[in-house]
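Novice: Let me begin by handing over the structure; questions about it come next.
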There are 2 protein chains.
Amino acid sequence: MFKELDPLLHSQLRLAIVSILMSVDSAEFTYLKEQTQSTAGNLSVQLDKLSEAGYIQIDKSFNGKKPLTTCSITKKGIKAFDDYVKTLQGYIKK
Amino acid sequence: MFKELDPLLHSQLRLAIVSILMSVDSAEFTYLKEQTQSTAGNLSVQLDKLSEAGYIQIDKSFNGKKPLTTCSITKKGIKAFDDYVKTLQGYIKK
DNA sequence: TAAAGTAGTTTATAAAATAAACCAAATTTG
DNA sequence: CAAATTTGGTTTATTTTATAAACTACTTTA
């Protein structure tokens with residue numbers, strides 16, 4: 001029937017973030033912000049949620065004295081994304 | 001880049017409703033409730049939203065003296081669903 | 001050295017989803 | 001046959017989520 005769509009991925013911004021991270025090795029905060037056209041605040045919140053779920057890994061370092069946040073997808077995140085896409089097929093392929 | 005996902009369809013329940021209505025001529029309230037495993041309250045609210053957007057048509061009649069709510073998708077709804085799926089491909093086909 | 005910019009985080013607010021409570025009629029049950 | 005339950009919903013309240021606004025800390029530039 002209709003399997004639950006992982007609510008963590010069923011959000012426009014988080015889906016876009018994960019989608020980007022699926023296609024690159026890692027991405028910086030500013031890159032994600034630019035690509036997704038999101039505000040920094042919203043991006044920050046959604047990255048935290050994905051990180052807390054273990055879907056992405058966030059590495060906070062410094063570029064000289066500027067903070068530098070780098071994100072990458074985890075195995076768990078890849079699995080979740082794949083599952084999400086499969087579940088979604090069940091909705092739209094009817 | 002990342003086109004906006006129609007917020008009216010980007011909801012688990014409404015997507016399931018529209019998905020069902022895409023595959024049948026019409027469906028009764030009770031059938032939709034059973035198929036989507038939703039509560040009557042939630043279903044009622046979401047059907048109203050889809051109806052107000054012109055995505056579905058709701059016909060309220062009586063079966064003897066019991067209310068009978070029958071729903072079907074509209075042309076606008078079909079278009080919106082197709083667009084939604086296309087937009088989504090842009091997210092997941094990366 | 002004051003103003004503006006960078007790279008974010010935290011907190012507040014708006015919007016959405018969901019649940020709970022309710023209604024009217026019909027049906028079942030003790 | 002009268003009370004309790006079920007059916008087919010709607011309305012209202014609550015919770016959750018997404019988003020925006022405000023803030024921090026440091027840096028660059030005029």
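Following the order of the structure tokens, chains are lettered A, B, ..., residues in each are numbered from 1, and ligands are numbered from 1.
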Could you list, with a cut-off of 9 Å and counting only C-alpha atoms, the residues of chain A near chain B, each shown with its nearest atom pair and the distance in Å rounded to one decimal, rows sorted by chain and ascending number, as a Markdown table?
Specialist:
```
| residue | atom | partner | partner_atom | distance |
| --- | --- | --- | --- | --- |
| A:Met1 | CA | B:Gln35 | CA | 7.0 |
| A:Phe2 | CA | B:Thr36 | CA | 6.5 |
| A:Glu4 | CA | B:Gln12 | CA | 7.7 |
| A:Leu5 | CA | B:Gln12 | CA | 6.8 |
| A:Pro7 | CA | B:Gln12 | CA | 8.9 |
| A:His10 | CA | B:His10 | CA | 7.8 |
| A:Ser11 | CA | B:His10 | CA | 8.1 |
| A:Gln12 | CA | B:Leu5 | CA | 6.9 |
| A:Leu15 | CA | B:Tyr91 | CA | 7.3 |
| A:Ala16 | CA | B:Tyr91 | CA | 6.3 |
| A:Ser19 | CA | B:Tyr91 | CA | 6.2 |
| A:Ile20 | CA | B:Lys94 | CA | 7.6 |
| A:Met22 | CA | B:Lys94 | CA | 7.6 |
| A:Ser23 | CA | B:Lys94 | CA | 6.4 |
| A:Gln35 | CA | B:Met1 | CA | 7.1 |
| A:Thr36 | CA | B:Phe2 | CA | 6.6 |
| A:Gln37 | CA | B:Phe2 | CA | 8.4 |
| A:Phe81 | CA | B:Ile92 | CA | 8.6 |
| A:Val85 | CA | B:Ile92 | CA | 7.0 |
| A:Tyr91 | CA | B:Ser19 | CA | 6.2 |
| A:Ile92 | CA | B:Ser19 | CA | 6.3 |
| A:Lys93 | CA | B:Ser19 | CA | 8.4 |
| A:Lys94 | CA | B:Ser23 | CA | 6.4 |
```
Novice: Quick one: residues within 7 Å of region 74-80 of chain A, only C-alpha atoms (C1' of nucleotides), excluding same-chain residues fewer than 5 positions away - as a VMD selection string?
Specialist: chain A and resid 54 to 57
Novice: Compile the residues of chain A that lie within 8 Å of chain D, evaluated using only C-alpha atoms (C1' of nucleotides), and express the compilation as a PyMOL selection string.
Specialist: chain A and resi 42+65-66
Novice: Could you dump the residues just selected with all heavy atoms as a short mmCIF file (atom, residue, chain, number, x, y, z; two decimals), in the first residue's frame?
Specialist:
```cif
data_model
loop_
_atom_site.label_atom_id
_atom_site.label_comp_id
_atom_site.auth_asym_id
_atom_site.auth_seq_id
_atom_site.Cartn_x
_atom_site.Cartn_y
_atom_site.Cartn_z
N ASN A 42 17.89 28.68 7.75
CA ASN A 42 17.15 27.48 7.38
C ASN A 42 18.12 26.34 7.07
O ASN A 42 17.96 25.22 7.56
CB ASN A 42 16.28 27.78 6.17
CG ASN A 42 15.22 26.71 5.92
OD1 ASN A 42 15.04 25.82 6.75
ND2 ASN A 42 14.56 26.78 4.79
N LYS A 65 40.79 32.19 9.65
CA LYS A 65 40.02 32.46 10.85
C LYS A 65 38.51 32.44 10.61
O LYS A 65 37.72 32.66 11.50
CB LYS A 65 40.44 33.81 11.45
CG LYS A 65 41.85 33.71 12.01
CD LYS A 65 42.20 34.86 12.89
CE LYS A 65 43.63 34.73 13.39
NZ LYS A 65 44.20 36.03 13.81
N LYS A 66 38.14 32.14 9.35
CA LYS A 66 36.71 32.04 9.05
C LYS A 66 36.25 30.62 9.29
O LYS A 66 36.96 29.66 8.95
CB LYS A 66 36.47 32.36 7.57
CG LYS A 66 36.48 33.82 7.24
CD LYS A 66 36.11 33.99 5.76
CE LYS A 66 36.55 35.33 5.24
NZ LYS A 66 36.50 35.38 3.76
#
```
Novice: Pull out every residue of chain A sitting within 12 Å of chain C, counting only C-alpha atoms (C1' of nucleotides), and send them as a PDB file with N, CA, C and O atoms, in the first residue's frame.
Specialist:
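Here's the written file part.pdb:
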```
ATOM      1  N   PRO A   7      10.098  11.081   6.844  1.00  0.00           N
ATOM      2  CA  PRO A   7       9.814  12.510   6.999  1.00  0.00           C
ATOM      3  C   PRO A   7      11.063  13.381   7.000  1.00  0.00           C
ATOM      4  O   PRO A   7      11.006  14.560   6.670  1.00  0.00           O
ATOM      5  N   GLU A  28      30.660  22.459   0.877  1.00  0.00           N
ATOM      6  CA  GLU A  28      30.727  23.463   1.924  1.00  0.00           C
ATOM      7  C   GLU A  28      29.377  24.136   2.136  1.00  0.00           C
ATOM      8  O   GLU A  28      28.555  24.196   1.223  1.00  0.00           O
ATOM      9  N   PHE A  29      29.225  24.673   3.339  1.00  0.00           N
ATOM     10  CA  PHE A  29      27.986  25.371   3.706  1.00  0.00           C
ATOM     11  C   PHE A  29      27.585  26.383   2.641  1.00  0.00           C
ATOM     12  O   PHE A  29      26.436  26.391   2.183  1.00  0.00           O
ATOM     13  N   THR A  30      28.507  27.194   2.252  1.00  0.00           N
ATOM     14  CA  THR A  30      28.203  28.268   1.298  1.00  0.00           C
ATOM     15  C   THR A  30      27.779  27.716  -0.066  1.00  0.00           C
ATOM     16  O   THR A  30      26.911  28.292  -0.723  1.00  0.00           O
ATOM     17  N   TYR A  31      28.390  26.626  -0.449  1.00  0.00           N
ATOM     18  CA  TYR A  31      28.009  26.001  -1.721  1.00  0.00           C
ATOM     19  C   TYR A  31      26.575  25.485  -1.659  1.00  0.00           C
ATOM     20  O   TYR A  31      25.765  25.720  -2.563  1.00  0.00           O
ATOM     21  N   LYS A  33      24.277  26.503   0.314  1.00  0.00           N
ATOM     22  CA  LYS A  33      23.383  27.658   0.419  1.00  0.00           C
ATOM     23  C   LYS A  33      23.073  28.225  -0.968  1.00  0.00           C
ATOM     24  O   LYS A  33      21.935  28.538  -1.299  1.00  0.00           O
ATOM     25  N   THR A  39      18.125  30.274   2.876  1.00  0.00           N
ATOM     26  CA  THR A  39      18.750  31.213   3.792  1.00  0.00           C
ATOM     27  C   THR A  39      19.719  30.430   4.673  1.00  0.00           C
ATOM     28  O   THR A  39      19.572  29.217   4.858  1.00  0.00           O
ATOM     29  N   ALA A  40      20.696  31.130   5.227  1.00  0.00           N
ATOM     30  CA  ALA A  40      21.679  30.466   6.077  1.00  0.00           C
ATOM     31  C   ALA A  40      21.015  29.816   7.289  1.00  0.00           C
ATOM     32  O   ALA A  40      21.373  28.697   7.668  1.00  0.00           O
ATOM     33  N   GLY A  41      20.062  30.510   7.874  1.00  0.00           N
ATOM     34  CA  GLY A  41      19.391  29.982   9.056  1.00  0.00           C
ATOM     35  C   GLY A  41      18.670  28.675   8.788  1.00  0.00           C
ATOM     36  O   GLY A  41      18.827  27.692   9.509  1.00  0.00           O
ATOM     37  N   ASN A  42      17.891  28.685   7.747  1.00  0.00           N
ATOM     38  CA  ASN A  42      17.150  27.483   7.381  1.00  0.00           C
ATOM     39  C   ASN A  42      18.122  26.338   7.074  1.00  0.00           C
ATOM     40  O   ASN A  42      17.961  25.219   7.557  1.00  0.00           O
ATOM     41  N   LEU A  43      19.152  26.657   6.310  1.00  0.00           N
ATOM     42  CA  LEU A  43      20.144  25.636   5.958  1.00  0.00           C
ATOM     43  C   LEU A  43      20.795  25.058   7.207  1.00  0.00           C
ATOM     44  O   LEU A  43      20.911  23.836   7.352  1.00  0.00           O
ATOM     45  N   SER A  44      21.180  25.918   8.107  1.00  0.00           N
ATOM     46  CA  SER A  44      21.823  25.486   9.343  1.00  0.00           C
ATOM     47  C   SER A  44      20.941  24.506  10.114  1.00  0.00           C
ATOM     48  O   SER A  44      21.391  23.444  10.554  1.00  0.00           O
ATOM     49  N   VAL A  45      19.679  24.873  10.261  1.00  0.00           N
ATOM     50  CA  VAL A  45      18.735  24.016  10.985  1.00  0.00           C
ATOM     51  C   VAL A  45      18.589  22.649  10.301  1.00  0.00           C
ATOM     52  O   VAL A  45      18.643  21.604  10.958  1.00  0.00           O
ATOM     53  N   LEU A  47      20.578  21.151   8.176  1.00  0.00           N
ATOM     54  CA  LEU A  47      21.817  20.365   8.231  1.00  0.00           C
ATOM     55  C   LEU A  47      21.926  19.662   9.582  1.00  0.00           C
ATOM     56  O   LEU A  47      22.289  18.480   9.649  1.00  0.00           O
ATOM     57  N   ASP A  48      21.591  20.385  10.637  1.00  0.00           N
ATOM     58  CA  ASP A  48      21.629  19.776  11.972  1.00  0.00           C
ATOM     59  C   ASP A  48      20.706  18.562  12.064  1.00  0.00           C
ATOM     60  O   ASP A  48      21.073  17.539  12.634  1.00  0.00           O
ATOM     61  N   LYS A  60      33.313  20.796  11.094  1.00  0.00           N
ATOM     62  CA  LYS A  60      33.496  22.237  11.299  1.00  0.00           C
ATOM     63  C   LYS A  60      34.953  22.539  11.555  1.00  0.00           C
ATOM     64  O   LYS A  60      35.534  22.091  12.548  1.00  0.00           O
ATOM     65  N   SER A  61      35.525  23.303  10.644  1.00  0.00           N
ATOM     66  CA  SER A  61      36.933  23.651  10.804  1.00  0.00           C
ATOM     67  C   SER A  61      37.081  25.147  10.540  1.00  0.00           C
ATOM     68  O   SER A  61      36.112  25.895  10.586  1.00  0.00           O
ATOM     69  N   PHE A  62      38.278  25.557  10.269  1.00  0.00           N
ATOM     70  CA  PHE A  62      38.512  26.960   9.958  1.00  0.00           C
ATOM     71  C   PHE A  62      39.336  27.108   8.695  1.00  0.00           C
ATOM     72  O   PHE A  62      40.231  26.310   8.425  1.00  0.00           O
ATOM     73  N   ASN A  63      38.979  28.131   7.961  1.00  0.00           N
ATOM     74  CA  ASN A  63      39.719  28.509   6.772  1.00  0.00           C
ATOM     75  C   ASN A  63      40.415  29.806   7.177  1.00  0.00           C
ATOM     76  O   ASN A  63      39.862  30.874   7.064  1.00  0.00           O
ATOM     77  N   LYS A  65      40.791  32.190   9.650  1.00  0.00           N
ATOM     78  CA  LYS A  65      40.020  32.458  10.849  1.00  0.00           C
ATOM     79  C   LYS A  65      38.513  32.436  10.609  1.00  0.00           C
ATOM     80  O   LYS A  65      37.717  32.663  11.504  1.00  0.00           O
ATOM     81  N   LYS A  66      38.141  32.145   9.351  1.00  0.00           N
ATOM     82  CA  LYS A  66      36.710  32.039   9.046  1.00  0.00           C
ATOM     83  C   LYS A  66      36.249  30.616   9.290  1.00  0.00           C
ATOM     84  O   LYS A  66      36.957  29.662   8.950  1.00  0.00           O
ATOM     85  N   PRO A  67      35.091  30.466   9.860  1.00  0.00           N
ATOM     86  CA  PRO A  67      34.574  29.111  10.028  1.00  0.00           C
ATOM     87  C   PRO A  67      34.304  28.453   8.677  1.00  0.00           C
ATOM     88  O   PRO A  67      33.950  29.134   7.707  1.00  0.00           O
ATOM     89  N   LEU A  68      34.532  27.168   8.638  1.00  0.00           N
ATOM     90  CA  LEU A  68      34.318  26.425   7.389  1.00  0.00           C
ATOM     91  C   LEU A  68      33.587  25.129   7.716  1.00  0.00           C
ATOM     92  O   LEU A  68      34.119  24.260   8.411  1.00  0.00           O
ATOM     93  N   THR A  69      32.362  25.050   7.233  1.00  0.00           N
ATOM     94  CA  THR A  69      31.533  23.882   7.500  1.00  0.00           C
ATOM     95  C   THR A  69      31.455  23.029   6.256  1.00  0.00           C
ATOM     96  O   THR A  69      31.019  23.483   5.202  1.00  0.00           O
ATOM     97  N   THR A  70      31.913  21.794   6.383  1.00  0.00           N
ATOM     98  CA  THR A  70      31.921  20.890   5.238  1.00  0.00           C
ATOM     99  C   THR A  70      31.027  19.689   5.530  1.00  0.00           C
ATOM    100  O   THR A  70      31.103  19.117   6.612  1.00  0.00           O
TER     101      THR A  70
END
```
Novice: I need the strand (DSSP E) residues of chain B per DSSP on the backbone, written as a JSON list (two decimals) with N, CA, C and O atoms, in the first residue's frame.
Specialist:
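So the final result, stored in result-v5.json, reads:
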```
[["chain", "number", "residue", "atom", "x", "y", "z"],
["B", 27, "ALA", "N", -13.41, 7.75, -6.34],
["B", 27, "ALA", "CA", -13.26, 6.96, -5.11],
["B", 27, "ALA", "C", -14.05, 7.58, -3.98],
["B", 27, "ALA", "O", -14.14, 8.80, -3.87],
["B", 28, "GLU", "N", -14.61, 6.73, -3.16],
["B", 28, "GLU", "CA", -15.39, 7.21, -2.03],
["B", 28, "GLU", "C", -14.49, 7.50, -0.83],
["B", 28, "GLU", "O", -13.40, 6.93, -0.70],
["B", 56, "ILE", "N", -9.00, 18.27, -7.26],
["B", 56, "ILE", "CA", -9.98, 17.18, -7.26],
["B", 56, "ILE", "C", -11.39, 17.76, -7.19],
["B", 56, "ILE", "O", -11.57, 18.93, -6.82],
["B", 57, "GLN", "N", -12.33, 16.91, -7.54],
["B", 57, "GLN", "CA", -13.73, 17.32, -7.45],
["B", 57, "GLN", "C", -14.37, 16.46, -6.39],
["B", 57, "GLN", "O", -14.16, 15.24, -6.35],
["B", 58, "ILE", "N", -15.14, 17.09, -5.52],
["B", 58, "ILE", "CA", -15.79, 16.35, -4.45],
["B", 58, "ILE", "C", -17.29, 16.43, -4.61],
["B", 58, "ILE", "O", -17.85, 17.53, -4.73],
["B", 59, "ASP", "N", -17.89, 15.27, -4.64],
["B", 59, "ASP", "CA", -19.34, 15.22, -4.82],
["B", 59, "ASP", "C", -19.97, 14.65, -3.55],
["B", 59, "ASP", "O", -19.71, 13.50, -3.19],
["B", 60, "LYS", "N", -20.75, 15.45, -2.88],
["B", 60, "LYS", "CA", -21.39, 15.01, -1.64],
["B", 60, "LYS", "C", -22.85, 14.68, -1.88],
["B", 60, "LYS", "O", -23.63, 15.56, -2.22],
["B", 61, "SER", "N", -23.17, 13.44, -1.69],
["B", 61, "SER", "CA", -24.56, 13.03, -1.89],
["B", 61, "SER", "C", -24.99, 12.15, -0.72],
["B", 61, "SER", "O", -24.35, 12.17, 0.33],
["B", 62, "PHE", "N", -26.05, 11.41, -0.89],
["B", 62, "PHE", "CA", -26.50, 10.51, 0.18],
["B", 62, "PHE", "C", -26.75, 9.12, -0.35],
["B", 62, "PHE", "O", -27.22, 8.93, -1.47],
["B", 63, "ASN", "N", -26.40, 8.18, 0.50],
["B", 63, "ASN", "CA", -26.68, 6.79, 0.22],
["B", 63, "ASN", "C", -27.77, 6.42, 1.21],
["B", 63, "ASN", "O", -27.50, 6.05, 2.34],
["B", 66, "LYS", "N", -27.28, 8.09, 4.74],
["B", 66, "LYS", "CA", -25.88, 8.24, 5.11],
["B", 66, "LYS", "C", -25.17, 9.13, 4.10],
["B", 66, "LYS", "O", -25.38, 9.00, 2.89],
["B", 67, "PRO", "N", -24.33, 10.01, 4.58],
["B", 67, "PRO", "CA", -23.58, 10.84, 3.64],
["B", 67, "PRO", "C", -22.65, 9.99, 2.79],
["B", 67, "PRO", "O", -22.13, 8.98, 3.25],
["B", 68, "LEU", "N", -22.49, 10.41, 1.56],
["B", 68, "LEU", "CA", -21.59, 9.70, 0.64],
["B", 68, "LEU", "C", -20.75, 10.71, -0.12],
["B", 68, "LEU", "O", -21.27, 11.50, -0.89],
["B", 69, "THR", "N", -19.45, 10.67, 0.16],
["B", 69, "THR", "CA", -18.53, 11.62, -0.45],
["B", 69, "THR", "C", -17.71, 10.91, -1.52],
["B", 69, "THR", "O", -17.03, 9.94, -1.23],
["B", 70, "THR", "N", -17.83, 11.40, -2.72],
["B", 70, "THR", "CA", -17.13, 10.77, -3.84],
["B", 70, "THR", "C", -16.16, 11.77, -4.46],
["B", 70, "THR", "O", -16.52, 12.91, -4.69],
["B", 71, "CYS", "N", -14.93, 11.31, -4.71],
["B", 71, "CYS", "CA", -13.88, 12.21, -5.22],
["B", 71, "CYS", "C", -13.34, 11.73, -6.53],
["B", 71, "CYS", "O", -13.21, 10.53, -6.78],
["B", 72, "SER", "N", -12.97, 12.70, -7.35],
["B", 72, "SER", "CA", -12.29, 12.35, -8.59],
["B", 72, "SER", "C", -11.30, 13.44, -8.94],
["B", 72, "SER", "O", -11.42, 14.58, -8.49],
["B", 73, "ILE", "N", -10.30, 13.09, -9.73],
["B", 73, "ILE", "CA", -9.27, 14.07, -10.08],
["B", 73, "ILE", "C", -9.75, 14.94, -11.24],
["B", 73, "ILE", "O", -10.57, 14.51, -12.05]]
```
Novice: I'd like to know which residues of chain A are helix (DSSP H, G or I) (by DSSP, run on the backbone); could you write them as a ChimeraX atom specification?
Specialist: /A:12-23,29-36,40-52,75-92
Novice: Generate a file of the selected residues that holds C-alpha atoms, formatted as a PDB file, in the first residue's frame.
Specialist:
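The new file again-v2.pdb reads:
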```pdb
ATOM      1  CA  GLN A  12      12.167  20.257  -0.018  1.00  0.00           C
ATOM      2  CA  LEU A  13      15.356  21.668   1.412  1.00  0.00           C
ATOM      3  CA  ARG A  14      16.622  18.510   3.081  1.00  0.00           C
ATOM      4  CA  LEU A  15      15.908  16.520  -0.062  1.00  0.00           C
ATOM      5  CA  ALA A  16      17.879  19.018  -2.115  1.00  0.00           C
ATOM      6  CA  ILE A  17      20.773  18.927   0.332  1.00  0.00           C
ATOM      7  CA  VAL A  18      20.956  15.145   0.350  1.00  0.00           C
ATOM      8  CA  SER A  19      20.534  15.038  -3.387  1.00  0.00           C
ATOM      9  CA  ILE A  20      23.546  17.303  -3.830  1.00  0.00           C
ATOM     10  CA  LEU A  21      25.600  15.349  -1.325  1.00  0.00           C
ATOM     11  CA  MET A  22      24.787  12.138  -3.205  1.00  0.00           C
ATOM     12  CA  SER A  23      26.572  13.523  -6.235  1.00  0.00           C
ATOM     13  CA  PHE A  29      27.986  25.371   3.706  1.00  0.00           C
ATOM     14  CA  THR A  30      28.203  28.268   1.298  1.00  0.00           C
ATOM     15  CA  TYR A  31      28.009  26.001  -1.721  1.00  0.00           C
ATOM     16  CA  LEU A  32      24.907  24.300  -0.388  1.00  0.00           C
ATOM     17  CA  LYS A  33      23.383  27.658   0.419  1.00  0.00           C
ATOM     18  CA  GLU A  34      23.985  28.884  -3.102  1.00  0.00           C
ATOM     19  CA  GLN A  35      22.793  25.713  -4.817  1.00  0.00           C
ATOM     20  CA  THR A  36      19.632  25.368  -2.783  1.00  0.00           C
ATOM     21  CA  ALA A  40      21.679  30.466   6.077  1.00  0.00           C
ATOM     22  CA  GLY A  41      19.391  29.982   9.056  1.00  0.00           C
ATOM     23  CA  ASN A  42      17.150  27.483   7.381  1.00  0.00           C
ATOM     24  CA  LEU A  43      20.144  25.636   5.958  1.00  0.00           C
ATOM     25  CA  SER A  44      21.823  25.486   9.343  1.00  0.00           C
ATOM     26  CA  VAL A  45      18.735  24.016  10.985  1.00  0.00           C
ATOM     27  CA  GLN A  46      18.172  21.414   8.287  1.00  0.00           C
ATOM     28  CA  LEU A  47      21.817  20.365   8.231  1.00  0.00           C
ATOM     29  CA  ASP A  48      21.629  19.776  11.972  1.00  0.00           C
ATOM     30  CA  LYS A  49      18.581  17.586  11.563  1.00  0.00           C
ATOM     31  CA  LEU A  50      20.235  15.506   8.884  1.00  0.00           C
ATOM     32  CA  SER A  51      23.342  15.246  10.994  1.00  0.00           C
ATOM     33  CA  GLU A  52      21.440  14.196  14.100  1.00  0.00           C
ATOM     34  CA  LYS A  75      26.248   5.278   4.397  1.00  0.00           C
ATOM     35  CA  LYS A  76      23.091   5.626   6.428  1.00  0.00           C
ATOM     36  CA  GLY A  77      22.183   8.702   4.398  1.00  0.00           C
ATOM     37  CA  ILE A  78      22.733   6.906   1.094  1.00  0.00           C
ATOM     38  CA  LYS A  79      20.537   4.053   2.250  1.00  0.00           C
ATOM     39  CA  ALA A  80      17.835   6.442   3.438  1.00  0.00           C
ATOM     40  CA  PHE A  81      17.875   8.321   0.150  1.00  0.00           C
ATOM     41  CA  ASP A  82      17.646   5.105  -1.860  1.00  0.00           C
ATOM     42  CA  ASP A  83      14.762   3.914   0.290  1.00  0.00           C
ATOM     43  CA  TYR A  84      13.025   7.231  -0.039  1.00  0.00           C
ATOM     44  CA  VAL A  85      13.247   7.128  -3.808  1.00  0.00           C
ATOM     45  CA  LYS A  86      11.943   3.558  -3.886  1.00  0.00           C
ATOM     46  CA  THR A  87       9.045   4.416  -1.620  1.00  0.00           C
ATOM     47  CA  LEU A  88       8.238   7.400  -3.746  1.00  0.00           C
ATOM     48  CA  GLN A  89       8.121   5.239  -6.862  1.00  0.00           C
ATOM     49  CA  GLY A  90       5.337   3.359  -5.113  1.00  0.00           C
ATOM     50  CA  TYR A  91       3.354   6.581  -4.972  1.00  0.00           C
ATOM     51  CA  ILE A  92       3.949   7.965  -8.420  1.00  0.00           C
TER      52      ILE A  92
END
```
